[in-house]
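As stored in target-v8.txt (compact mmCIF, C-alpha atoms and all ligand atoms):
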# COMPACT_ATOMS: atom_id res chain seq x y z
CA MET A 1 0.00 0.00 0.00
CA THR A 2 1.35 3.45 -0.87
CA ASP A 3 1.48 6.19 1.80
CA ALA A 4 -1.33 7.99 0.02
CA THR A 5 -3.71 5.01 0.03
CA ASP A 6 -2.67 4.09 3.59
CA ASN A 7 -3.64 7.59 4.69
CA ALA A 8 -6.85 7.30 2.71
CA ALA A 9 -7.66 3.96 4.34
CA ARG A 10 -7.10 5.47 7.79
CA ALA A 11 -9.21 8.50 6.92
CA ALA A 12 -11.99 6.18 5.77
CA THR A 13 -12.36 4.87 9.29
CA THR A 14 -12.90 8.33 10.80
CA GLU A 15 -15.00 11.40 10.20
CA ALA A 16 -12.18 12.61 7.98
CA SER A 17 -13.58 10.27 5.30
CA ALA A 18 -15.64 13.30 4.29
CA ALA A 19 -12.38 14.75 2.93
CA LEU A 20 -11.41 11.77 0.74
CA THR A 21 -10.65 12.75 -2.87
CA THR A 22 -12.35 11.10 -5.83
CA SER A 23 -9.26 9.13 -6.75
CA ALA A 24 -8.79 7.89 -3.16
CA ILE A 25 -12.44 6.77 -3.00
CA LEU A 26 -12.27 5.03 -6.39
CA ASP A 27 -9.02 3.37 -5.40
CA LEU A 28 -10.30 2.09 -2.02
CA GLU A 29 -13.49 0.72 -3.59
CA ALA A 30 -11.52 -0.94 -6.40
CA ARG A 31 -9.16 -2.57 -3.89
CA HIS A 32 -11.61 -3.62 -1.22
CA GLY A 33 -15.02 -3.82 -2.89
CA SER A 34 -16.25 -7.22 -4.14
CA GLY A 35 -15.75 -6.31 -7.79
CA VAL A 36 -19.27 -7.33 -8.81
CA TYR A 37 -20.40 -3.80 -9.68
CA PRO A 38 -19.31 -2.01 -12.86
CA LYS A 39 -18.30 1.37 -11.34
CA ARG A 40 -18.84 4.84 -12.78
CA PRO A 41 -15.81 7.18 -12.59
CA ILE A 42 -17.32 9.58 -10.01
CA ALA A 43 -17.80 9.30 -6.24
CA LEU A 44 -21.08 10.61 -4.83
CA VAL A 45 -20.90 12.15 -1.37
CA GLU A 46 -24.02 14.29 -0.92
CA GLY A 47 -27.60 14.57 -2.15
CA GLN A 48 -30.11 17.41 -1.96
CA GLY A 49 -33.50 17.02 -3.60
CA VAL A 50 -33.00 15.94 -7.23
CA ARG A 51 -29.27 16.70 -7.23
CA VAL A 52 -26.23 14.78 -6.03
CA ARG A 53 -22.70 16.09 -5.54
CA ASP A 54 -19.46 14.26 -6.22
CA ALA A 55 -16.30 14.41 -4.14
CA ASP A 56 -14.86 17.06 -6.48
CA GLY A 57 -17.77 19.40 -5.79
CA ARG A 58 -19.64 18.88 -9.07
CA TRP A 59 -23.45 18.65 -8.89
CA PHE A 60 -25.46 16.28 -11.12
CA LEU A 61 -29.17 16.00 -11.88
CA ASP A 62 -30.07 12.55 -10.59
CA ALA A 63 -32.31 10.78 -13.11
CA ALA A 64 -31.28 7.39 -11.69
CA ALA A 65 -32.41 7.99 -8.09
CA GLY A 66 -30.27 5.17 -6.71
CA HIS A 67 -31.87 2.67 -9.15
CA GLY A 68 -35.36 3.98 -8.44
CA VAL A 69 -35.04 4.30 -4.67
CA ALA A 70 -35.06 8.07 -4.12
CA ASN A 71 -38.67 8.73 -5.22
CA LEU A 72 -38.79 11.62 -2.72
CA GLY A 73 -35.38 12.91 -3.81
CA HIS A 74 -32.44 13.07 -1.45
CA GLY A 75 -32.75 14.29 2.15
CA HIS A 76 -36.49 14.97 2.24
CA PRO A 77 -36.98 16.92 5.49
CA ARG A 78 -39.97 14.85 6.64
CA VAL A 79 -38.05 11.58 6.20
CA LEU A 80 -35.03 13.05 7.99
CA SER A 81 -37.10 14.21 10.92
CA ALA A 82 -38.93 10.84 11.19
CA LEU A 83 -35.56 9.08 11.10
CA SER A 84 -33.87 11.21 13.72
CA ALA A 85 -36.86 11.01 16.09
CA GLN A 86 -37.05 7.22 15.73
CA ALA A 87 -33.27 6.76 15.91
CA ALA A 88 -33.30 8.49 19.28
CA ARG A 89 -36.20 6.31 20.49
CA LEU A 90 -35.72 2.72 19.24
CA VAL A 91 -33.74 1.46 16.23
CA THR A 92 -34.00 -2.30 16.49
CA CYS A 93 -36.80 -4.55 17.66
CA ALA A 94 -37.11 -8.11 16.35
CA GLU A 95 -40.53 -8.95 14.92
CA THR A 96 -41.15 -11.40 17.73
CA TYR A 97 -41.81 -8.27 19.83
CA PRO A 98 -44.69 -6.10 18.61
CA ASN A 99 -43.74 -2.44 18.08
CA ASP A 100 -45.76 0.79 17.69
CA ARG A 101 -44.11 2.03 14.44
CA ARG A 102 -44.38 -1.39 12.81
CA ALA A 103 -48.02 -1.81 13.82
CA ALA A 104 -48.80 1.64 12.40
CA LEU A 105 -47.03 0.83 9.13
CA LEU A 106 -48.80 -2.53 8.72
CA ALA A 107 -52.18 -0.87 9.18
CA ARG A 108 -51.21 1.94 6.80
CA LEU A 109 -50.05 -0.48 4.11
CA ALA A 110 -53.33 -2.38 4.39
CA GLY A 111 -55.13 0.90 3.66
CA VAL A 112 -53.17 1.79 0.52
CA THR A 113 -52.33 -1.48 -1.25
CA PRO A 114 -54.81 -3.05 -3.74
CA PRO A 115 -58.01 -4.46 -2.21
CA GLY A 116 -57.68 -7.92 -0.66
CA LEU A 117 -54.10 -7.48 0.53
CA ASP A 118 -54.10 -6.88 4.24
CA ARG A 119 -51.15 -8.76 5.76
CA PHE A 120 -47.46 -8.08 5.13
CA PHE A 121 -44.14 -9.77 5.56
CA LEU A 122 -41.54 -7.04 6.07
CA CYS A 123 -37.94 -7.50 4.95
CA ASN A 124 -34.96 -5.46 3.71
CA SER A 125 -34.79 -5.60 -0.08
CA GLY A 126 -36.65 -6.46 -3.25
CA THR A 127 -35.05 -9.84 -3.70
CA GLU A 128 -36.07 -10.85 -0.18
CA ALA A 129 -39.65 -9.81 -0.92
CA VAL A 130 -39.66 -12.03 -4.01
CA GLU A 131 -37.97 -14.86 -2.14
CA ALA A 132 -40.66 -14.72 0.55
CA ALA A 133 -43.45 -14.58 -2.06
CA LEU A 134 -42.13 -17.71 -3.78
CA LYS A 135 -41.82 -19.61 -0.49
CA PHE A 136 -45.28 -18.54 0.70
CA ALA A 137 -46.83 -19.51 -2.65
CA ARG A 138 -45.42 -23.03 -2.35
CA VAL A 139 -46.66 -23.40 1.23
CA ALA A 140 -50.13 -22.04 0.46
CA THR A 141 -50.74 -24.14 -2.67
CA GLY A 142 -48.76 -27.29 -1.88
CA ARG A 143 -47.47 -26.99 -5.47
CA THR A 144 -43.87 -26.44 -6.58
CA GLY A 145 -43.88 -24.90 -10.08
CA PHE A 146 -43.57 -21.24 -11.12
CA VAL A 147 -44.22 -19.51 -14.41
CA ALA A 148 -42.12 -16.38 -14.96
CA LEU A 149 -41.60 -14.09 -17.93
CA GLN A 150 -38.78 -13.68 -20.41
CA ARG A 151 -36.85 -10.44 -19.77
CA GLY A 152 -38.30 -10.41 -16.22
CA PHE A 153 -36.01 -9.37 -13.38
CA HIS A 154 -36.77 -10.28 -9.77
CA GLY A 155 -33.48 -10.15 -7.86
CA ARG A 156 -30.26 -12.00 -7.19
CA THR A 157 -30.90 -14.51 -4.42
CA PHE A 158 -31.39 -18.07 -5.63
CA GLY A 159 -35.20 -18.13 -5.72
CA ALA A 160 -35.55 -14.63 -7.19
CA LEU A 161 -32.72 -15.36 -9.63
CA SER A 162 -34.49 -18.54 -10.72
CA ALA A 163 -37.53 -16.38 -11.56
CA THR A 164 -35.25 -13.98 -13.46
CA ALA A 165 -34.96 -14.89 -17.11
CA GLU A 166 -31.76 -13.45 -18.53
CA LYS A 167 -28.87 -15.85 -18.98
CA ARG A 168 -26.33 -13.11 -18.20
CA HIS A 169 -27.67 -12.93 -14.62
CA ARG A 170 -28.16 -16.67 -14.15
CA ASP A 171 -25.53 -18.74 -15.90
CA ALA A 172 -22.58 -18.27 -13.53
CA PHE A 173 -24.66 -19.52 -10.60
CA ALA A 174 -26.26 -22.70 -11.94
CA PRO A 175 -27.84 -24.96 -10.87
CA LEU A 176 -30.71 -22.72 -9.77
CA VAL A 177 -33.94 -23.65 -7.98
CA PRO A 178 -35.90 -26.24 -10.00
CA GLY A 179 -39.50 -25.70 -11.11
CA PHE A 180 -39.31 -22.43 -13.06
CA THR A 181 -40.60 -22.04 -16.63
CA HIS A 182 -40.06 -18.78 -18.56
CA VAL A 183 -42.52 -17.76 -21.25
CA ALA A 184 -42.82 -14.74 -23.58
CA PHE A 185 -43.97 -11.50 -21.92
CA ASP A 186 -47.40 -10.10 -22.80
CA ASP A 187 -48.30 -13.35 -24.60
CA LEU A 188 -51.33 -14.92 -22.91
CA PRO A 189 -51.46 -18.15 -24.96
CA ALA A 190 -47.82 -18.81 -23.95
CA ALA A 191 -48.74 -18.43 -20.27
CA GLU A 192 -51.86 -20.59 -20.73
CA ALA A 193 -49.75 -23.34 -22.24
CA ALA A 194 -47.26 -23.23 -19.36
CA VAL A 195 -49.54 -23.05 -16.29
CA GLY A 196 -50.54 -26.50 -15.08
CA ASP A 197 -51.76 -28.48 -12.08
CA ASP A 198 -48.41 -28.07 -10.31
CA THR A 199 -48.06 -24.32 -10.83
CA ALA A 200 -47.86 -22.59 -7.46
CA ALA A 201 -47.71 -19.08 -8.96
CA VAL A 202 -47.21 -16.87 -11.96
CA ILE A 203 -44.87 -13.92 -11.33
CA VAL A 204 -45.07 -10.71 -13.39
CA GLU A 205 -43.90 -7.08 -13.41
CA ILE A 206 -46.53 -4.54 -14.52
CA VAL A 207 -43.73 -2.67 -16.31
CA GLN A 208 -40.61 -4.74 -16.84
CA GLY A 209 -37.82 -2.56 -15.48
CA GLU A 210 -34.39 -4.12 -15.95
CA GLY A 211 -35.83 -5.93 -18.98
CA GLY A 212 -36.14 -2.69 -20.96
CA VAL A 213 -39.02 -0.59 -19.50
CA ARG A 214 -41.80 -2.63 -21.12
CA PRO A 215 -45.37 -2.05 -19.88
CA ALA A 216 -47.66 -5.11 -19.91
CA SER A 217 -51.05 -4.62 -21.56
CA GLY A 218 -54.19 -4.48 -19.42
CA ALA A 219 -55.72 -7.38 -21.39
CA TYR A 220 -52.67 -9.54 -20.68
CA LEU A 221 -52.75 -8.82 -16.95
CA ALA A 222 -56.50 -9.47 -16.76
CA GLY A 223 -55.88 -12.70 -18.69
CA LEU A 224 -53.19 -13.79 -16.20
CA ARG A 225 -55.57 -13.07 -13.29
CA ALA A 226 -58.30 -15.19 -14.92
CA LEU A 227 -55.79 -17.96 -15.74
CA CYS A 228 -54.68 -18.12 -12.11
CA ASP A 229 -58.30 -18.16 -10.91
CA ARG A 230 -59.10 -21.05 -13.28
CA THR A 231 -56.08 -23.17 -12.38
CA GLY A 232 -55.62 -22.46 -8.67
CA ALA A 233 -52.21 -20.84 -9.21
CA LEU A 234 -51.44 -17.64 -7.29
CA LEU A 235 -50.61 -14.35 -9.00
CA ILE A 236 -47.43 -12.68 -7.72
CA VAL A 237 -46.99 -9.09 -8.91
CA ASP A 238 -43.49 -7.68 -8.51
CA GLU A 239 -43.77 -3.93 -7.93
CA VAL A 240 -40.32 -3.54 -6.41
CA GLN A 241 -39.50 -0.96 -9.10
CA THR A 242 -42.96 0.29 -10.08
CA GLY A 243 -44.30 0.81 -6.55
CA PHE A 244 -44.66 3.97 -4.44
CA GLY A 245 -45.78 6.38 -7.13
CA ARG A 246 -43.20 5.67 -9.81
CA THR A 247 -45.68 4.94 -12.64
CA GLY A 248 -48.19 7.68 -11.83
CA ARG A 249 -50.30 5.66 -9.37
CA LEU A 250 -49.23 4.62 -5.88
CA PHE A 251 -49.02 1.04 -7.22
CA ALA A 252 -48.94 0.17 -10.91
CA CYS A 253 -51.66 -2.49 -10.32
CA GLU A 254 -54.07 0.44 -9.98
CA HIS A 255 -53.74 1.29 -13.69
CA HIS A 256 -55.45 -2.02 -14.44
CA ASP A 257 -57.53 -2.62 -11.29
CA LEU A 258 -55.43 -5.77 -10.89
CA ARG A 259 -55.74 -7.74 -7.64
CA PRO A 260 -52.66 -9.86 -6.98
CA ASP A 261 -52.49 -12.63 -4.39
CA LEU A 262 -48.99 -11.49 -3.46
CA LEU A 263 -47.46 -8.06 -4.11
CA CYS A 264 -43.68 -7.59 -3.80
CA LEU A 265 -42.40 -4.16 -2.74
CA GLY A 266 -38.98 -2.62 -2.10
CA LYS A 267 -36.74 0.17 -3.42
CA ALA A 268 -38.59 3.48 -2.69
CA MET A 269 -40.60 2.07 0.21
CA ALA A 270 -38.68 3.70 3.06
CA GLY A 271 -37.38 6.96 1.60
CA GLY A 272 -33.94 5.50 0.84
CA LEU A 273 -33.52 3.11 3.75
CA PRO A 274 -33.28 -0.59 2.88
CA MET A 275 -36.75 -2.10 3.15
CA GLY A 276 -38.92 -4.59 1.30
CA ALA A 277 -42.28 -6.22 1.85
CA VAL A 278 -44.61 -8.80 0.43
CA ALA A 279 -48.32 -8.12 0.75
CA LEU A 280 -50.50 -11.19 1.21
CA GLY A 281 -54.07 -11.84 0.10
CA ALA A 282 -56.66 -14.20 1.59
CA ALA A 283 -55.55 -17.09 -0.69
CA LEU A 284 -52.35 -17.33 1.35
CA GLY A 285 -54.25 -18.68 4.36
CA THR A 286 -52.32 -18.97 7.59
CA LEU A 287 -48.57 -19.29 7.23
CA PRO A 288 -46.91 -21.61 9.76
CA PRO A 289 -45.36 -19.59 12.64
CA GLY A 290 -41.56 -19.81 12.55
CA SER A 291 -41.50 -20.88 8.88
CA HIS A 292 -39.84 -17.68 7.65
CA GLY A 293 -38.25 -14.56 9.13
CA SER A 294 -35.62 -11.83 8.99
CA THR A 295 -33.52 -10.29 11.78
CA PHE A 296 -33.88 -6.73 10.45
CA GLY A 297 -37.38 -7.19 8.97
CA GLY A 298 -39.86 -4.63 10.30
CA ASN A 299 -37.25 -2.70 12.29
CA PRO A 300 -38.74 0.50 13.76
CA LEU A 301 -36.30 2.82 11.98
CA ALA A 302 -37.24 1.59 8.50
CA CYS A 303 -40.93 1.51 9.51
CA ALA A 304 -40.78 5.16 10.63
CA ALA A 305 -39.14 6.13 7.33
CA ALA A 306 -41.76 4.17 5.36
CA LEU A 307 -44.61 5.91 7.21
CA ALA A 308 -43.07 9.32 6.46
CA THR A 309 -42.60 8.28 2.81
CA LEU A 310 -46.27 7.35 2.45
CA ASP A 311 -47.26 10.68 4.06
CA VAL A 312 -45.09 12.67 1.63
CA LEU A 313 -46.30 10.71 -1.43
CA HIS A 314 -49.87 11.48 -0.41
CA ASP A 315 -49.51 15.08 0.80
CA GLU A 316 -47.36 16.22 -2.13
CA ARG A 317 -49.54 14.29 -4.62
CA LEU A 318 -46.39 12.76 -6.09
CA PRO A 319 -48.03 9.90 -8.04
CA GLU A 320 -50.26 12.46 -9.83
CA HIS A 321 -47.21 14.66 -10.47
CA ALA A 322 -45.34 11.63 -11.87
CA ALA A 323 -48.27 10.90 -14.20
CA ASP A 324 -48.33 14.47 -15.55
CA LEU A 325 -44.57 14.75 -15.98
CA GLY A 326 -44.38 11.25 -17.47
CA ASP A 327 -46.85 12.24 -20.20
CA HIS A 328 -44.84 15.38 -20.85
CA ALA A 329 -41.57 13.41 -21.06
CA LEU A 330 -43.01 10.77 -23.39
CA GLN A 331 -44.33 13.47 -25.72
CA ARG A 332 -40.97 15.20 -25.80
CA LEU A 333 -39.01 11.98 -26.31
CA ALA A 334 -41.35 10.75 -29.05
CA ALA A 335 -40.65 13.98 -30.96
CA VAL A 336 -36.87 13.52 -30.88
CA ASP A 337 -35.71 12.98 -34.43
CA ALA A 338 -32.61 10.81 -33.99
CA PRO A 339 -32.03 7.75 -36.18
CA MET A 340 -30.49 5.80 -33.30
CA VAL A 341 -33.83 5.76 -31.40
CA ARG A 342 -35.81 2.59 -32.06
CA ALA A 343 -38.68 3.18 -29.60
CA VAL A 344 -39.73 5.24 -26.60
CA ARG A 345 -41.75 3.62 -23.79
CA GLY A 346 -42.80 4.28 -20.25
CA LEU A 347 -45.41 4.85 -17.59
CA GLY A 348 -45.25 7.84 -15.27
CA LEU A 349 -41.64 8.64 -14.43
CA MET A 350 -40.36 5.23 -15.51
CA LEU A 351 -39.03 6.02 -18.97
CA GLY A 352 -37.13 3.94 -21.51
CA ILE A 353 -35.51 4.85 -24.81
CA GLU A 354 -34.64 1.80 -26.88
CA LEU A 355 -31.59 2.41 -29.08
CA ARG A 356 -30.20 0.82 -32.20
CA THR A 357 -26.79 0.80 -30.48
CA ARG A 358 -25.38 -0.04 -27.08
CA VAL A 359 -26.34 2.35 -24.30
CA THR A 360 -23.04 2.64 -22.39
CA PRO A 361 -21.49 5.48 -24.46
CA LEU A 362 -24.67 7.53 -24.06
CA LEU A 363 -24.66 7.07 -20.29
CA LYS A 364 -21.07 8.30 -20.28
CA ALA A 365 -21.97 11.34 -22.41
CA LEU A 366 -24.90 12.13 -20.10
CA LEU A 367 -22.63 11.91 -17.06
CA GLU A 368 -20.28 14.39 -18.71
CA ALA A 369 -23.30 16.63 -19.36
CA GLY A 370 -24.19 16.49 -15.65
CA VAL A 371 -27.04 13.93 -15.72
CA LEU A 372 -27.11 10.50 -14.06
CA ALA A 373 -29.18 7.91 -15.95
CA LEU A 374 -29.40 4.11 -16.08
CA PRO A 375 -29.32 1.26 -18.57
CA ALA A 376 -32.18 -1.26 -18.78
CA GLY A 377 -30.39 -4.07 -20.58
CA PRO A 378 -27.69 -3.43 -23.19
CA THR A 379 -29.63 -1.11 -25.55
CA VAL A 380 -32.19 0.76 -23.45
CA LEU A 381 -31.57 4.11 -21.75
CA ARG A 382 -33.69 4.36 -18.59
CA LEU A 383 -34.70 7.46 -16.66
CA LEU A 384 -36.03 7.10 -13.10
CA PRO A 385 -35.87 10.64 -11.70
CA PRO A 386 -37.16 11.49 -8.22
CA LEU A 387 -40.92 12.11 -8.34
CA THR A 388 -40.24 15.49 -6.73
CA ILE A 389 -38.54 16.75 -9.90
CA THR A 390 -40.02 19.96 -11.35
CA GLU A 391 -41.00 20.28 -14.99
CA ALA A 392 -38.10 22.70 -15.54
CA GLU A 393 -35.60 20.24 -14.00
CA LEU A 394 -37.03 17.39 -16.06
CA ASP A 395 -36.72 19.54 -19.18
CA THR A 396 -33.03 20.05 -18.36
CA VAL A 397 -32.61 16.25 -18.18
CA LEU A 398 -34.53 15.80 -21.45
CA ASP A 399 -32.51 18.55 -23.17
CA ALA A 400 -29.33 16.67 -22.26
CA VAL A 401 -30.80 13.34 -23.41
CA GLU A 402 -31.89 14.88 -26.71
CA LEU A 403 -28.47 16.41 -27.24
CA VAL A 404 -26.59 13.14 -26.67
CA LEU A 405 -29.03 11.22 -28.87
CA ARG A 406 -28.59 13.72 -31.70
CA SER A 407 -24.80 14.01 -31.30
CA ALA A 408 -24.37 10.24 -31.19
CA ALA A 409 -26.44 9.99 -34.36
CA ARG A 410 -24.06 12.19 -36.35
C1 LIG A 501 -38.78 -5.67 -10.39
C2 LIG A 501 -37.65 -5.93 -9.44
N1 LIG A 501 -37.76 -6.93 -8.56
C3 LIG A 501 -36.79 -7.21 -7.68
C4 LIG A 501 -35.62 -6.47 -7.66
C5 LIG A 501 -34.53 -6.80 -6.67
O1 LIG A 501 -34.47 -5.79 -5.70
P1 LIG A 501 -33.16 -5.63 -4.77
O2 LIG A 501 -32.07 -5.17 -5.66
O3 LIG A 501 -33.59 -4.62 -3.74
O4 LIG A 501 -32.91 -6.96 -4.17
C6 LIG A 501 -35.46 -5.41 -8.56
C7 LIG A 501 -34.21 -4.62 -8.58
O5 LIG A 501 -33.91 -3.90 -9.50
C8 LIG A 501 -36.50 -5.13 -9.48
O6 LIG A 501 -36.40 -4.13 -10.37
Show the structure stored in the file as structure tokens.
Amino acid sequence: MTDATDNAARAATTEASAALTTSAILDLEARHGSGVYPKRPIALVEGQGVRVRDADGRWFLDAAAGHGVANLGHGHPRVLSALSAQAARLVTCAETYPNDRRAALLARLAGVTPPGLDRFFLCNSGTEAVEAALKFARVATGRTGFVALQRGFHGRTFGALSATAEKRHRDAFAPLVPGFTHVAFDDLPAAEAAVGDDTAAVIVEIVQGEGGVRPASGAYLAGLRALCDRTGALLIVDEVQTGFGRTGRLFACEHHDLRPDLLCLGKAMAGGLPMGAVALGAALGTLPPGSHGSTFGGNPLACAAALATLDVLHDERLPEHAADLGDHALQRLAAVDAPMVRAVRGLGLMLGIELRTRVTPLLKALLEAGVLALPAGPTVLRLLPPLTITEAELDTVLDAVELVLRSAAR
């Protein structure tokens, strides 16, 4: 270790880490991180509203929102005040002990999730929510099979990864959990051919996120619901990415009046804190006590943040705002005349631009222009800005997107 990195490593253990330079941060993460993440060449150290600042003092418009987590932007004052009050009161409390914040959150979730869902398993991430949904579906039905969709993404733990279709996520980790069949998305006859007597559940995203920002049609979703009703399979809807206002409704199910048996939640649920949940309908019956659990699940700190998040989403009418701005963005993007654009898709502030080329150079150009964006697969540019973004701020993002699309086309 050089003197410089030794000093940096020491600084990282103290409050002086706030003074680490970009190159020291990049170097420490390259040396001591797992290596599984492809890293961008900037280090983010602060966030305020829809902007984030890097260690060199440069501010960026954040149209990635921590992969769709920061729906309220960064540092929302009501989340901060809920967090500091709860941190001073009680941070940890295993679910075996009932707790006031958790009880309030459970009741609140029952009031806002689609009708028929009124019990919740609380956990810490999207993949855990999916994992729990798969386990509960097997227990409730006594069946073992699952039908999932091509291009679907449900997480990285073994069960959720088995539901995930893409080979690039799966192949290094085979063998995965048996019993999963993947069929074409938005193709009802394909699902009808795959669901059988041993199907415990069908799992679907209302808008495929990682798979390229692809909204399912209402007819398809209604068809899946009817198929599950006919065959006794359960319907798992994965709203880890679409939930909490992202698509212009609090939950994307509401666009189609869809009633899942299990609803998976995560990402934006707790204003940036790690939290996930699976909502359970009556078809789940009684789950055996002790059959599943999580040390951090339902901890009072995350519950307090989730309650504040739901308050802000409601009081600031953020789903409605996302719907309006999403329409505006889709209109603007559809009018962009750049030969490299193959298609523009989205719902609310979940926006995808499918390209005729790979997306990575465009993400780099956007970063240089001061905008953080995301890929959704190799050829789709994805925008997931905070729902608190103003029209003027969104126009700045879209101006930058338009410019890089046009420049790249030349
Ligand atoms: C639809 C969907 N489900 C599940 C997950 C997994 O969530 P996490 O990364 O919190 O485990 C993701 C993550 O992107 C997702 O988009």
Of A:Ala172, A:Leu106, A:Val278, A:Ala140, the one sitting nearest Gly126 (chain A) when using only C-alpha atoms is A:Val278
Which residues of chain A come within 10 Å of ligand LIG 501 (chain A), and for each one, what is the closest pair of atoms and their distance in Å to one decimal, counting all atoms listed in the file, sorted by chain and residue number, as CSV?
residue,atom,partner,partner_atom,distance
A:His67,CA,A:LIG501,O5,6.9
A:Gly68,CA,A:LIG501,O5,8.1
A:Val69,CA,A:LIG501,O3,9.1
A:Asn124,CA,A:LIG501,O3,7.6
A:Ser125,CA,A:LIG501,O3,4.0
A:Gly126,CA,A:LIG501,O1,3.3
A:Thr127,CA,A:LIG501,O4,3.6
A:Glu128,CA,A:LIG501,O4,6.4
A:Ala129,CA,A:LIG501,C3,7.8
A:Val130,CA,A:LIG501,C3,6.7
A:Glu131,CA,A:LIG501,C3,9.5
A:Gly152,CA,A:LIG501,C1,7.5
A:Phe153,CA,A:LIG501,C2,5.5
A:His154,CA,A:LIG501,N1,3.7
A:Gly155,CA,A:LIG501,C5,3.7
A:Arg156,CA,A:LIG501,O4,6.4
A:Thr157,CA,A:LIG501,O4,7.8
A:Ala160,CA,A:LIG501,C3,7.5
A:Leu161,CA,A:LIG501,C5,9.2
A:Ala163,CA,A:LIG501,N1,9.9
A:Thr164,CA,A:LIG501,N1,8.9
A:Val204,CA,A:LIG501,C1,8.6
A:Glu205,CA,A:LIG501,C1,6.1
A:Ile206,CA,A:LIG501,C1,8.9
A:Val207,CA,A:LIG501,C1,8.3
A:Gln208,CA,A:LIG501,C1,6.8
A:Gly209,CA,A:LIG501,O6,5.5
A:Glu210,CA,A:LIG501,O6,5.9
A:Gly211,CA,A:LIG501,O6,8.8
A:Val237,CA,A:LIG501,C1,9.0
A:Asp238,CA,A:LIG501,C1,5.5
A:Glu239,CA,A:LIG501,C1,5.8
A:Val240,CA,A:LIG501,C2,4.7
A:Gln241,CA,A:LIG501,O6,4.6
A:Thr242,CA,A:LIG501,C1,7.3
A:Gly243,CA,A:LIG501,C1,9.3
A:Cys264,CA,A:LIG501,N1,7.6
A:Leu265,CA,A:LIG501,N1,7.9
A:Gly266,CA,A:LIG501,O3,6.0
A:Lys267,CA,A:LIG501,O3,5.7
A:Ala268,CA,A:LIG501,O3,9.6
A:Pro274,CA,A:LIG501,O3,7.8
A:Met275,CA,A:LIG501,O3,8.0
A:Gly276,CA,A:LIG501,O3,7.3
A:Ala376,CA,A:LIG501,O5,9.8
Enumerate, in order of chain and increasing residue number, the residues of region 259-358 of chain A with an atom no farther than 12 Å from region 56-66 of chain A, each with its shortest atom pair and distance in Å to one decimal, counting all atoms listed in the file, as CSV.
residue,atom,partner,partner_atom,distance
A:Lys267,CA,A:Gly66,CA,8.8
A:Ala268,CA,A:Ala65,CA,9.4
A:Gly271,CA,A:Ala65,CA,10.9
A:Gly272,CA,A:Gly66,CA,8.4
A:Leu273,CA,A:Gly66,CA,11.1
A:Pro274,CA,A:Gly66,CA,11.6
A:Leu349,CA,A:Ala63,CA,9.7
A:Met350,CA,A:Ala63,CA,10.1
A:Leu351,CA,A:Ala63,CA,10.1
A:Gly352,CA,A:Ala63,CA,11.9
Residues just named, written with C-alpha atoms as a compact mmCIF listing (two decimals), in the coordinates of the input:
# COMPACT_ATOMS: atom_id res chain seq x y z
CA LYS A 267 -36.74 0.17 -3.42
CA ALA A 268 -38.59 3.48 -2.69
CA GLY A 271 -37.38 6.96 1.60
CA GLY A 272 -33.94 5.50 0.84
CA LEU A 273 -33.52 3.11 3.75
CA PRO A 274 -33.28 -0.59 2.88
CA LEU A 349 -41.64 8.64 -14.43
CA MET A 350 -40.36 5.23 -15.51
CA LEU A 351 -39.03 6.02 -18.97
CA GLY A 352 -37.13 3.94 -21.51
CA of Asp118 (chain A) to CA of Leu263 (chain A), straight-line distance in Å: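 So the answer is 10.7 Å.
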If we count all atoms listed in the file and set the cut-off at 10 Å, which residues sit around Leu227 (chain A), ignoring sequence neighbours fewer than 3 positions away in its own chain? Please answer as number ranges by chain. A: 188, 191-192, 195, 202, 221-224, 230-235
Given only C-alpha atoms as the counted atoms, nearest of A:Leu398, A:Val312, A:Leu367, A:Leu355 to Pro77 (chain A):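 Checking each of A:Leu398, A:Val312, A:Leu367, A:Leu355 against Pro77 (chain A), counting only C-alpha atoms, the winner is A:Val312.
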Specify the axis-aligned box that encloses all atoms of region 107-116 of chain A listed in the file after padding of 5 Å on each side, stating its centre and edge lengths in Å to one decimal as JSON.
{"center_x": -54.0, "center_y": -3.0, "center_z": 2.7, "size_x": 18.0, "size_y": 19.9, "size_z": 22.9}
Å distance separating CA of Arg40 (chain A) from CA of Ser162 (chain A), one decimal place: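 It comes out at 28.2 Å.
One finds CA of Ala216 (chain A) at 24.1 Å from CA of Thr357 (chain A).
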Return region 120-125 of chain A, completed with N, CA and C atoms, as a tab-separated table (two decimals), in the coordinates of the input.
chain	number	residue	atom	x	y	z
A	120	PHE	N	-48.75	-8.43	5.76
A	120	PHE	CA	-47.46	-8.08	5.13
A	120	PHE	C	-46.31	-8.78	5.83
A	121	PHE	N	-45.42	-9.32	5.03
A	121	PHE	CA	-44.14	-9.77	5.56
A	121	PHE	C	-43.13	-8.68	5.23
A	122	LEU	N	-42.48	-8.15	6.26
A	122	LEU	CA	-41.54	-7.04	6.07
A	122	LEU	C	-40.11	-7.57	6.02
A	123	CYS	N	-39.32	-7.04	5.08
A	123	CYS	CA	-37.94	-7.50	4.95
A	123	CYS	C	-37.07	-6.30	4.54
A	124	ASN	N	-35.95	-6.54	3.88
A	124	ASN	CA	-34.96	-5.46	3.71
A	124	ASN	C	-34.59	-5.13	2.28
A	125	SER	N	-35.16	-5.84	1.32
A	125	SER	CA	-34.79	-5.60	-0.08
A	125	SER	C	-35.84	-6.23	-0.98
